[in-house]
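So this block is start.csv, CSV, C-alpha atoms and all ligand atoms:
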```
chain,number,residue,atom,x,y,z
A,1,MET,CA,30.1,-17.2,0.9
A,2,ASP,CA,26.5,-17.0,2.3
A,3,LYS,CA,24.1,-15.1,0.1
A,4,ARG,CA,23.4,-11.5,0.9
A,5,VAL,CA,20.2,-11.3,-1.0
A,6,VAL,CA,17.8,-14.2,-1.1
A,7,PHE,CA,14.7,-14.4,-3.4
A,8,ASN,CA,11.7,-16.6,-2.8
A,9,GLU,CA,11.4,-17.2,-6.5
A,10,ALA,CA,8.1,-19.0,-6.3
A,11,HIS,CA,6.4,-15.7,-5.3
A,12,CYS,CA,8.1,-13.4,-7.8
A,13,LYS,CA,6.0,-11.7,-10.5
A,14,SER,CA,8.7,-10.2,-12.7
A,15,CYS,CA,7.6,-6.7,-12.0
A,16,GLU,CA,11.3,-5.5,-12.1
A,17,LEU,CA,10.9,-2.9,-9.4
A,18,CYS,CA,13.9,-4.5,-7.6
A,19,VAL,CA,15.8,-4.6,-10.9
A,20,TRP,CA,15.1,-0.9,-11.4
A,21,ILE,CA,16.0,0.3,-7.9
A,22,CYS,CA,19.2,-1.8,-7.2
A,23,PRO,CA,22.1,0.7,-7.0
A,24,LYS,CA,24.5,-2.0,-8.0
A,25,GLN,CA,22.3,-3.2,-11.0
A,26,ILE,CA,23.0,-6.8,-10.1
A,27,ILE,CA,19.4,-8.1,-10.2
A,28,HIS,CA,18.2,-9.8,-13.4
A,29,LEU,CA,15.3,-12.0,-14.4
A,30,LYS,CA,15.9,-15.7,-15.1
A,31,GLN,CA,15.1,-17.1,-18.5
A,32,GLU,CA,13.0,-20.0,-17.0
A,33,LEU,CA,9.6,-19.6,-15.5
A,34,ASN,CA,8.4,-20.1,-11.9
A,35,PRO,CA,5.2,-22.0,-11.1
A,36,LEU,CA,3.2,-18.7,-11.5
A,37,GLY,CA,4.5,-18.4,-15.1
A,38,TYR,CA,6.8,-15.4,-14.3
A,39,ARG,CA,10.6,-15.1,-14.8
A,40,PRO,CA,11.9,-14.8,-11.3
A,41,ALA,CA,14.4,-12.1,-10.3
A,42,TYR,CA,17.8,-13.3,-9.0
A,43,VAL,CA,21.3,-12.3,-8.2
A,44,SER,CA,24.0,-14.6,-9.6
A,45,ASP,CA,26.4,-16.2,-7.1
A,46,GLU,CA,29.3,-14.1,-8.5
A,47,ASP,CA,27.3,-10.9,-8.1
A,48,GLN,CA,26.3,-11.6,-4.5
A,49,GLU,CA,29.7,-10.2,-3.5
A,50,GLN,CA,28.7,-6.9,-5.2
A,51,CYS,CA,25.6,-6.6,-3.1
A,52,ILE,CA,25.9,-3.8,-0.4
A,53,SER,CA,23.0,-5.2,1.6
A,54,CYS,CA,21.1,-1.9,1.3
A,55,ALA,CA,17.8,-3.7,1.2
A,56,MET,CA,16.3,-1.2,-1.3
A,57,CYS,CA,15.2,-4.2,-3.4
A,58,ALA,CA,13.4,-5.8,-0.5
A,59,ARG,CA,11.7,-2.5,0.5
A,60,MET,CA,10.5,-2.0,-3.1
A,61,CYS,CA,9.2,-5.5,-3.7
A,62,PRO,CA,5.3,-5.6,-3.6
A,63,ASP,CA,5.4,-9.4,-3.1
A,64,ALA,CA,7.8,-9.7,-0.1
A,65,VAL,CA,10.0,-12.0,-2.2
A,66,ILE,CA,13.4,-10.6,-1.0
A,67,GLU,CA,15.3,-11.1,2.2
A,68,VAL,CA,18.6,-9.4,2.8
A,69,PHE,CA,21.6,-10.2,5.0
A,70,ARG,CA,24.8,-8.5,5.9
B,1,MET,CA,25.3,-13.2,8.4
B,2,LYS,CA,22.9,-10.9,10.2
B,3,PRO,CA,19.4,-10.2,8.7
B,4,VAL,CA,18.9,-6.7,7.3
B,5,TYR,CA,15.4,-7.3,6.0
B,6,LEU,CA,13.1,-10.3,6.7
B,7,ARG,CA,9.6,-11.0,5.4
B,8,PRO,CA,7.2,-9.8,8.1
B,9,LYS,CA,5.5,-12.4,10.2
B,10,SER,CA,2.1,-10.7,10.0
B,11,LEU,CA,1.9,-11.6,6.2
B,12,THR,CA,0.7,-15.1,5.3
B,13,GLU,CA,2.7,-17.3,2.9
B,14,THR,CA,-0.1,-16.8,0.3
B,15,VAL,CA,0.9,-15.4,-3.1
B,16,SER,CA,-1.3,-12.4,-3.6
B,17,HIS,CA,-3.6,-12.0,-6.6
B,18,TYR,CA,-2.4,-8.4,-7.2
B,19,CYS,CA,-1.0,-7.6,-10.6
B,20,PRO,CA,2.8,-7.5,-11.0
B,21,GLY,CA,4.3,-4.3,-9.6
B,22,CYS,CA,1.0,-3.1,-8.0
B,23,THR,CA,1.9,-1.1,-4.9
B,24,HIS,CA,-1.1,-2.6,-3.0
B,25,GLY,CA,1.5,-5.2,-2.1
B,26,ILE,CA,3.9,-2.6,-0.7
B,27,SER,CA,1.2,-1.2,1.5
B,28,HIS,CA,0.3,-4.7,2.8
B,29,ARG,CA,4.0,-5.3,3.6
B,30,LEU,CA,4.3,-2.0,5.5
B,31,VAL,CA,1.2,-2.6,7.5
B,32,ALA,CA,2.5,-6.1,8.4
B,33,GLU,CA,5.9,-4.7,9.3
B,34,VAL,CA,4.3,-2.2,11.6
B,35,ILE,CA,2.0,-4.9,13.3
B,36,ASP,CA,5.2,-7.0,13.9
B,37,GLU,CA,7.2,-4.1,15.3
B,38,LEU,CA,4.4,-3.0,17.6
B,39,GLY,CA,3.9,-6.6,18.8
B,40,ILE,CA,0.1,-6.3,18.2
B,41,GLN,CA,-0.4,-9.3,15.8
B,42,SER,CA,-2.6,-11.3,18.3
B,43,LYS,CA,-4.9,-8.3,19.0
B,44,THR,CA,-5.2,-6.7,15.6
B,45,ILE,CA,-8.4,-7.0,13.6
B,46,GLY,CA,-8.5,-5.8,10.0
B,47,VAL,CA,-11.5,-4.8,8.0
B,48,ALA,CA,-11.2,-5.4,4.2
B,49,SER,CA,-13.2,-3.4,1.8
B,50,VAL,CA,-14.4,-4.0,-1.8
B,51,GLY,CA,-12.0,-3.5,-4.6
B,52,CYS,CA,-8.8,-5.2,-5.5
B,53,SER,CA,-8.0,-5.5,-1.8
B,54,VAL,CA,-11.2,-7.4,-1.1
B,55,PHE,CA,-9.0,-10.5,-0.4
B,56,ALA,CA,-6.7,-8.8,2.1
B,57,TYR,CA,-7.9,-11.3,4.7
B,58,ASN,CA,-6.0,-14.0,2.9
B,59,TYR,CA,-2.7,-12.0,3.1
B,60,PHE,CA,-2.6,-10.8,6.7
B,61,GLU,CA,-1.9,-13.2,9.5
B,62,VAL,CA,-4.4,-11.4,11.8
B,63,ASP,CA,-8.2,-11.6,12.3
B,64,PHE,CA,-10.2,-10.0,9.5
B,65,GLN,CA,-13.8,-9.0,8.6
B,66,GLN,CA,-14.8,-8.2,5.1
B,67,ALA,CA,-17.2,-5.2,4.8
B,68,ALA,CA,-19.8,-4.3,2.2
B,69,HIS,CA,-18.6,-1.7,-0.3
B,70,GLY,CA,-17.6,1.5,1.4
B,71,ARG,CA,-18.8,0.4,4.8
B,72,ALA,CA,-15.5,-0.6,6.4
B,73,PRO,CA,-15.3,2.4,8.8
B,74,ALA,CA,-18.8,1.6,10.1
B,75,VAL,CA,-17.9,-2.1,10.5
B,76,ALA,CA,-14.6,-1.1,12.2
B,77,THR,CA,-16.6,1.3,14.5
B,78,GLY,CA,-18.7,-1.7,15.7
B,79,ILE,CA,-15.7,-4.0,16.2
B,80,LYS,CA,-13.7,-1.3,18.1
B,81,ARG,CA,-16.6,-0.4,20.3
B,82,VAL,CA,-17.3,-4.0,21.2
B,83,HIS,CA,-13.6,-4.8,21.6
B,84,PRO,CA,-11.9,-1.6,22.7
B,85,ASP,CA,-8.8,-3.6,23.7
B,86,LYS,CA,-8.3,-4.7,20.0
B,87,ILE,CA,-6.4,-2.7,17.4
B,88,VAL,CA,-8.8,-2.2,14.4
B,89,PHE,CA,-7.8,-1.0,11.0
B,90,THR,CA,-9.6,-0.6,7.7
B,91,TYR,CA,-7.9,-1.1,4.3
B,92,GLN,CA,-9.8,0.8,1.6
B,93,GLY,CA,-9.4,1.8,-2.0
B,94,ASP,CA,-10.4,5.2,-3.4
B,95,GLY,CA,-13.5,3.9,-5.1
B,96,ASP,CA,-14.5,2.3,-1.8
B,97,LEU,CA,-13.6,5.2,0.5
B,98,ALA,CA,-14.1,8.3,-1.6
B,99,SER,CA,-17.1,7.3,-3.6
B,100,ILE,CA,-19.6,4.8,-2.3
B,101,GLY,CA,-18.2,5.0,1.2
B,102,ALA,CA,-17.8,8.8,1.4
B,103,ALA,CA,-20.5,9.1,4.1
B,104,GLU,CA,-19.0,6.3,6.3
B,105,ILE,CA,-15.5,7.8,6.4
B,106,VAL,CA,-16.7,11.3,7.0
B,107,HIS,CA,-18.9,10.2,10.0
B,108,ALA,CA,-16.3,7.9,11.5
B,109,ALA,CA,-13.9,10.8,11.5
B,110,ALA,CA,-16.6,13.1,12.9
B,111,ARG,CA,-17.3,10.7,15.7
B,112,GLY,CA,-13.6,10.5,16.3
B,113,GLU,CA,-13.6,6.7,16.3
B,114,ASN,CA,-10.4,5.3,17.7
B,115,ILE,CA,-9.6,3.4,14.5
B,116,THR,CA,-6.8,3.4,11.9
B,117,VAL,CA,-7.7,3.8,8.2
B,118,ILE,CA,-5.3,2.9,5.4
B,119,PHE,CA,-6.6,4.6,2.3
B,120,ILE,CA,-5.1,3.5,-1.0
B,121,ASN,CA,-5.5,6.2,-3.7
B,122,ASN,CA,-4.7,4.9,-7.1
B,123,ALA,CA,-6.9,7.4,-9.0
B,124,ILE,CA,-9.0,4.6,-10.6
B,125,TYR,CA,-11.3,1.7,-10.0
B,126,GLY,CA,-8.9,-1.2,-10.3
B,127,MET,CA,-10.9,-4.3,-9.6
B,128,THR,CA,-13.7,-3.5,-12.0
B,129,GLY,CA,-11.5,-2.7,-15.0
B,130,GLY,CA,-10.3,0.9,-14.8
B,131,GLN,CA,-13.3,3.2,-14.5
B,132,MET,CA,-13.0,6.8,-13.4
B,133,ALA,CA,-12.9,7.3,-9.6
B,134,PRO,CA,-13.6,10.5,-7.6
B,135,THR,CA,-9.8,10.7,-7.3
B,136,THR,CA,-9.1,10.4,-11.1
B,137,LEU,CA,-6.9,13.3,-12.2
B,138,GLU,CA,-8.1,16.0,-14.7
B,139,GLY,CA,-7.2,14.8,-18.2
B,140,GLN,CA,-6.7,11.2,-17.0
B,141,VAL,CA,-8.0,8.7,-19.5
B,142,THR,CA,-10.1,5.9,-18.0
B,143,THR,CA,-12.7,3.5,-19.5
B,144,THR,CA,-15.5,5.9,-18.4
B,145,SER,CA,-13.5,9.1,-19.2
B,146,PRO,CA,-12.2,8.1,-22.6
B,147,SER,CA,-11.3,11.6,-23.6
B,148,GLY,CA,-9.8,12.4,-20.2
B,149,ARG,CA,-11.6,13.6,-17.1
B,150,THR,CA,-12.9,17.2,-17.7
B,151,HIS,CA,-14.1,19.1,-14.6
B,152,SER,CA,-17.0,20.6,-16.5
B,153,VAL,CA,-18.4,17.1,-17.2
B,154,GLN,CA,-17.0,14.9,-14.4
B,155,GLY,CA,-16.1,17.3,-11.7
B,156,TYR,CA,-12.8,17.8,-9.9
B,157,PRO,CA,-10.5,15.2,-8.2
B,158,LEU,CA,-11.7,14.7,-4.6
B,159,LYS,CA,-8.9,15.4,-2.0
B,160,MET,CA,-9.9,13.2,0.9
B,161,SER,CA,-7.1,14.0,3.2
B,162,GLU,CA,-7.7,17.7,2.9
B,163,LEU,CA,-11.4,17.1,3.4
B,164,ILE,CA,-11.1,14.8,6.4
B,165,ALA,CA,-8.6,17.1,8.0
B,166,THR,CA,-11.3,19.8,8.3
B,167,ILE,CA,-13.3,17.5,10.7
B,168,GLU,CA,-12.8,18.2,14.4
B,169,GLY,CA,-13.0,14.6,15.3
B,170,ALA,CA,-10.1,13.5,13.1
B,171,TYR,CA,-6.8,13.2,15.1
B,172,TYR,CA,-4.2,12.4,12.5
B,173,VAL,CA,-4.4,12.7,8.7
B,174,VAL,CA,-1.4,12.3,6.4
B,175,ARG,CA,-0.7,11.6,2.7
B,176,CYS,CA,2.3,9.6,1.6
B,177,SER,CA,3.6,7.9,-1.5
B,178,LEU,CA,5.4,4.7,-2.4
B,179,HIS,CA,7.4,5.8,-5.5
B,180,ASN,CA,10.8,5.1,-4.1
B,181,PRO,CA,12.4,3.6,-1.0
B,182,ALA,CA,12.8,6.9,0.8
B,183,HIS,CA,9.0,7.6,0.4
B,184,ILE,CA,8.2,4.0,1.4
B,185,ALA,CA,10.1,4.6,4.6
B,186,ARG,CA,8.1,7.7,5.3
B,187,ALA,CA,4.9,5.9,4.5
B,188,LYS,CA,5.8,3.2,7.0
B,189,ARG,CA,6.5,5.9,9.7
B,190,ALA,CA,3.1,7.4,9.0
B,191,ILE,CA,1.4,4.0,9.2
B,192,LYS,CA,3.2,3.2,12.5
B,193,GLN,CA,2.1,6.6,13.9
B,194,ALA,CA,-1.5,5.9,12.9
B,195,PHE,CA,-1.4,2.6,14.8
B,196,GLU,CA,0.4,4.1,17.8
B,197,ASN,CA,-2.3,6.8,18.0
B,198,GLN,CA,-4.9,4.1,18.4
B,199,ILE,CA,-2.9,2.2,21.0
B,200,GLU,CA,-2.7,5.5,23.0
B,201,GLY,CA,-6.4,6.1,22.5
B,202,LYS,CA,-5.9,9.3,20.5
B,203,GLY,CA,-8.7,8.7,18.1
B,204,PHE,CA,-9.3,8.6,14.3
B,205,SER,CA,-6.2,8.3,12.1
B,206,MET,CA,-6.1,8.1,8.3
B,207,VAL,CA,-3.1,7.4,6.1
B,208,GLU,CA,-3.7,8.1,2.5
B,209,VAL,CA,-1.2,6.3,0.3
B,210,LEU,CA,-0.7,7.3,-3.3
B,211,SER,CA,-0.6,3.9,-5.1
B,212,THR,CA,-0.2,2.5,-8.6
B,213,CYS,CA,-2.5,0.5,-10.9
B,214,PRO,CA,-0.1,-0.4,-13.7
B,215,THR,CA,-2.7,-2.6,-15.3
B,216,ASN,CA,-5.4,-0.1,-15.7
B,217,TRP,CA,-3.1,2.8,-16.2
B,218,ARG,CA,-1.6,0.8,-19.1
B,219,MET,CA,2.0,1.3,-17.9
B,220,THR,CA,4.9,-0.8,-16.7
B,221,PRO,CA,5.3,-0.9,-12.9
B,222,VAL,CA,8.3,1.4,-13.1
B,223,GLU,CA,6.5,3.9,-15.4
B,224,ALA,CA,3.6,3.8,-13.0
B,225,LEU,CA,5.8,4.9,-10.1
B,226,LYS,CA,7.1,7.8,-12.2
B,227,TRP,CA,3.6,8.8,-13.0
B,228,VAL,CA,2.8,9.0,-9.3
B,229,GLU,CA,5.7,11.3,-8.8
B,230,GLN,CA,5.1,13.5,-11.9
B,231,HIS,CA,1.3,13.6,-12.1
B,232,MET,CA,-0.3,12.5,-8.8
B,233,ILE,CA,1.8,14.4,-6.2
B,234,PRO,CA,1.2,17.8,-7.8
B,235,VAL,CA,-2.5,17.2,-7.4
B,236,TYR,CA,-2.2,15.3,-4.1
B,237,PRO,CA,0.6,17.0,-2.1
B,238,LEU,CA,2.3,14.9,0.5
B,239,GLY,CA,2.5,15.6,4.2
B,240,GLU,CA,0.6,15.8,7.5
B,241,PHE,CA,-2.7,17.6,7.2
B,242,LYS,CA,-3.6,17.1,10.8
B,243,THR,CA,-1.9,16.0,14.0
B,244,GLY,CA,-4.0,16.4,17.1
B,245,GLU,CA,-7.8,16.8,17.8
B,246,GLY,CA,-9.6,20.0,17.1
B,247,GLU,CA,-6.6,21.7,15.5
A,301,LIG,C1,-22.5,-2.2,-3.8
A,301,LIG,C2,-21.5,-2.4,-4.9
A,301,LIG,N1,-21.4,-1.5,-5.9
A,301,LIG,C3,-20.5,-1.6,-6.8
A,301,LIG,C4,-19.6,-2.7,-6.8
A,301,LIG,C5,-18.6,-2.9,-7.9
A,301,LIG,N2,-17.3,-2.5,-7.5
A,301,LIG,C6,-16.4,-3.5,-7.1
A,301,LIG,S1,-14.9,-2.9,-6.7
A,301,LIG,C7,-15.4,-1.3,-7.1
A,301,LIG,C8,-14.4,-0.2,-7.0
A,301,LIG,C9,-13.1,-0.5,-6.6
A,301,LIG,O1,-12.2,0.5,-6.7
A,301,LIG,P1,-11.2,1.0,-5.5
A,301,LIG,O2,-11.9,1.1,-4.3
A,301,LIG,O3,-10.6,2.2,-6.0
A,301,LIG,O4,-10.2,-0.2,-5.3
A,301,LIG,P2,-9.1,-0.8,-6.3
A,301,LIG,O5,-9.7,-1.9,-7.0
A,301,LIG,O6,-8.6,0.3,-7.2
A,301,LIG,O7,-8.0,-1.2,-5.4
A,301,LIG,C10,-16.7,-1.3,-7.5
A,301,LIG,C11,-17.4,-0.1,-8.0
A,301,LIG,C12,-19.8,-3.6,-5.7
A,301,LIG,N3,-18.9,-4.7,-5.6
A,301,LIG,N4,-20.7,-3.4,-4.8
A,302,LIG,S1,20.4,-5.3,-1.2
A,302,LIG,FE1,20.9,-3.4,-2.4
A,302,LIG,S2,22.7,-3.9,-3.6
A,302,LIG,FE2,21.9,-5.9,-2.8
A,302,LIG,S3,20.6,-6.7,-4.4
A,302,LIG,FE3,19.3,-5.5,-3.1
A,302,LIG,S4,19.2,-3.4,-3.9
A,302,LIG,FE4,21.0,-4.5,-4.9
A,303,LIG,S1,10.3,-6.6,-7.0
A,303,LIG,FE1,9.7,-8.6,-6.2
A,303,LIG,S2,8.1,-9.4,-7.5
A,303,LIG,FE2,9.1,-7.7,-8.6
A,303,LIG,S3,10.7,-8.7,-9.9
A,303,LIG,FE3,11.7,-8.1,-7.9
A,303,LIG,S4,11.5,-9.9,-6.6
A,303,LIG,FE4,10.1,-10.2,-8.3
A,304,LIG,S1,-6.1,-3.9,-11.2
A,304,LIG,FE1,-4.7,-2.3,-10.5
A,304,LIG,S2,-5.1,-2.0,-8.3
A,304,LIG,FE2,-5.9,-4.0,-8.9
A,304,LIG,S3,-4.3,-5.5,-8.5
A,304,LIG,FE3,-4.1,-4.9,-10.7
A,304,LIG,S4,-2.7,-3.2,-10.7
A,304,LIG,FE4,-3.4,-3.4,-8.6
```
Output the file's structure in the form of structure tokens.
Amino acid sequence: MDKRVVFNEAHCKSCELCVWICPKQIIHLKQELNPLGYRPAYVSDEDQEQCISCAMCARMCPDAVIEVFR
Amino acid sequence: MKPVYLRPKSLTETVSHYCPGCTHGISHRLVAEVIDELGIQSKTIGVASVGCSVFAYNYFEVDFQQAAHGRAPAVATGIKRVHPDKIVFTYQGDGDLASIGAAEIVHAAARGENITVIFINNAIYGMTGGQMAPTTLEGQVTTTSPSGRTHSVQGYPLKMSELIATIEGAYYVVRCSLHNPAHIARAKRAIKQAFENQIEGKGFSMVEVLSTCPTNWRMTPVEALKWVEQHMIPVYPLGEFKTGEGE
């Protein structure tokens, strides 16, 4: 399945606003660091199916990291 | 799969220097979305101010001029009068607009300049390390009000939207917030209205956006959003203060 929510991980700053707002609570921070030194937000391949494409995460993100598809 | 949300084209690919979770980034994104939707990217000129948003010219894929502290409305006036066919907006913090630039914003409004002002109220001087701003709340602790702002010593918070709305030349004055997606959507509609007013030649529009400074407020980004809702909005009520000249 194609991804419903796609993160530009290199731009993420681990602010967790997307983690907080997601109604399905499927966004988490990775353990490894991105080139900026932050733990990027992501949705696991399994959890992509849980995503309802509401785009609340993308509208909350201050760094325009997230794109959403339906 | 169909796109539901794509990164706006009027933002550059540059990673911003803003702190994690700072809502300056959301305001940038909303302005860029509006520029995209109105199809005005090639004729928009931004005026950056002094403060954390001083580097805004690196983040918007439109022409930009950086103004001296507080002078963005004066610079925007010059640009708009020389290039009346361009869409000119300023992007200013509360230290910039409400303190050192208080005269410029008042007179740009009084002249009814046909420009759009995006005013970021985060109740503090962010860039310089968290000093008290004219917009700092009573009781709020900053590096220059270490026991909390007290009106008998430091005066009252300055309510710029209410003040500008008293000026005849101002056409549209609105205050909005970014503390959740519903309010972000409202803020975007207000910003779009403020740009449309300029396109239609209606005159001076100012959108005040209640914004966070998690770093200098010493809060997590989520705590900062809740602080906006619980503490800023009671002092800075949301809504349209003016729609239409002379009202
Ligand atoms: C003429 C002048 N005076 C003072 C300063 C120092 N200074 C830089 S930014 C700033 C205030 C910024 O606060 P604000 O406008 O609220 O923006 P923020 O950083 O919070 O986004 C000040 C006083 C300056 N750069 N130039
Ligand atoms: S689109 Fe909605 S459901 Fe999907 S990850 Fe984002 S916030 Fe969660
Ligand atoms: S809101 Fe954006 S920057 Fe913040 S953690 Fe989520 S993806 Fe990263
Ligand atoms: S200092 Fe405050 S206003 Fe400036 S980028 Fe950091 S959080 Fe944002």
Residue hits in chain B, query chain A, radius 6 Å, all atoms listed in the file, as a PDB file with C-alpha atoms, keeping the file's coordinate frame:
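Once written, part_11.pdb looks like this:
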```
ATOM      1  CA  MET B   1      25.300 -13.200   8.400  1.00  0.00           C
ATOM      2  CA  LYS B   2      22.900 -10.900  10.200  1.00  0.00           C
ATOM      3  CA  PRO B   3      19.400 -10.200   8.700  1.00  0.00           C
ATOM      4  CA  VAL B   4      18.900  -6.700   7.300  1.00  0.00           C
ATOM      5  CA  TYR B   5      15.400  -7.300   6.000  1.00  0.00           C
ATOM      6  CA  LEU B   6      13.100 -10.300   6.700  1.00  0.00           C
ATOM      7  CA  ARG B   7       9.600 -11.000   5.400  1.00  0.00           C
ATOM      8  CA  VAL B  15       0.900 -15.400  -3.100  1.00  0.00           C
ATOM      9  CA  PRO B  20       2.800  -7.500 -11.000  1.00  0.00           C
ATOM     10  CA  GLY B  21       4.300  -4.300  -9.600  1.00  0.00           C
ATOM     11  CA  THR B  23       1.900  -1.100  -4.900  1.00  0.00           C
ATOM     12  CA  GLY B  25       1.500  -5.200  -2.100  1.00  0.00           C
ATOM     13  CA  ILE B  26       3.900  -2.600  -0.700  1.00  0.00           C
TER      14      ILE B  26
END
```
- request: Might you pull out every residue within 10 Å of stretch 136-149 of chain B, with only C-alpha atoms counted and same-chain residues fewer than 4 positions away left off, and present them as a PyMOL selection string?
  value: chain B and resi 94-95+121-125+129-132+153-158+216-218+231-232+235-236
Please identify every residue of chain B that has at least one atom no farther than 6 Å from an atom of ligand LIG 301 (chain A), counting all atoms listed in the file, and for each give the shortest atom pair and the distance in Å to one decimal, arranged by chain then increasing number, as JSON lines.
```
{"residue": "B:Val50", "atom": "CA", "partner": "A:LIG301", "partner_atom": "S1", "distance": 5.0}
{"residue": "B:Gly51", "atom": "CA", "partner": "A:LIG301", "partner_atom": "S1", "distance": 3.6}
{"residue": "B:Cys52", "atom": "CA", "partner": "A:LIG301", "partner_atom": "O5", "distance": 3.7}
{"residue": "B:Ser53", "atom": "CA", "partner": "A:LIG301", "partner_atom": "O7", "distance": 5.6}
{"residue": "B:His69", "atom": "CA", "partner": "A:LIG301", "partner_atom": "N4", "distance": 5.2}
{"residue": "B:Gly93", "atom": "CA", "partner": "A:LIG301", "partner_atom": "O2", "distance": 3.5}
{"residue": "B:Asp94", "atom": "CA", "partner": "A:LIG301", "partner_atom": "O3", "distance": 4.0}
{"residue": "B:Gly95", "atom": "CA", "partner": "A:LIG301", "partner_atom": "O2", "distance": 3.3}
{"residue": "B:Asp96", "atom": "CA", "partner": "A:LIG301", "partner_atom": "O2", "distance": 3.8}
{"residue": "B:Ile124", "atom": "CA", "partner": "A:LIG301", "partner_atom": "O3", "distance": 5.4}
{"residue": "B:Tyr125", "atom": "CA", "partner": "A:LIG301", "partner_atom": "O1", "distance": 3.6}
{"residue": "B:Gly126", "atom": "CA", "partner": "A:LIG301", "partner_atom": "O6", "distance": 3.5}
{"residue": "B:Met127", "atom": "CA", "partner": "A:LIG301", "partner_atom": "O5", "distance": 3.7}
{"residue": "B:Thr128", "atom": "CA", "partner": "A:LIG301", "partner_atom": "S1", "distance": 5.5}
```
Could the residues in this selection be saved with C-alpha atoms as a compact mmCIF listing (two decimals), in the frame of the given file?
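Written out: out26.txt:
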```txt
# COMPACT_ATOMS: atom_id res chain seq x y z
CA VAL B 50 -14.40 -4.00 -1.80
CA GLY B 51 -12.00 -3.50 -4.60
CA CYS B 52 -8.80 -5.20 -5.50
CA SER B 53 -8.00 -5.50 -1.80
CA HIS B 69 -18.60 -1.70 -0.30
CA GLY B 93 -9.40 1.80 -2.00
CA ASP B 94 -10.40 5.20 -3.40
CA GLY B 95 -13.50 3.90 -5.10
CA ASP B 96 -14.50 2.30 -1.80
CA ILE B 124 -9.00 4.60 -10.60
CA TYR B 125 -11.30 1.70 -10.00
CA GLY B 126 -8.90 -1.20 -10.30
CA MET B 127 -10.90 -4.30 -9.60
CA THR B 128 -13.70 -3.50 -12.00
```
Show me as a VMD selection string the residues that reach within 12 Å of (-14.7, 12.0, 15.4), counting only C-alpha atoms and using the file's own coordinates. chain B and resid 73 77 104 to 115 164 to 172 202 to 206 244 to 246
State, in Å with one decimal place, the distance from atom FE2 of ligand LIG 302 (chain A) to atom CA of B:Ile184.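 It comes out at 17.4 Å.
Counting only C-alpha atoms and all ligand atoms and comparing A:Pro23, A:Asn34, A:Ser44, A:Glu9, the residue that lies closest to ligand LIG 302 (chain A) is A:Pro23.
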Across B:Thr220, B:Ser161, B:Gln230, B:Gln92, the smallest distance to B:Gly46, with only C-alpha atoms counted, is shown by B:Gln92
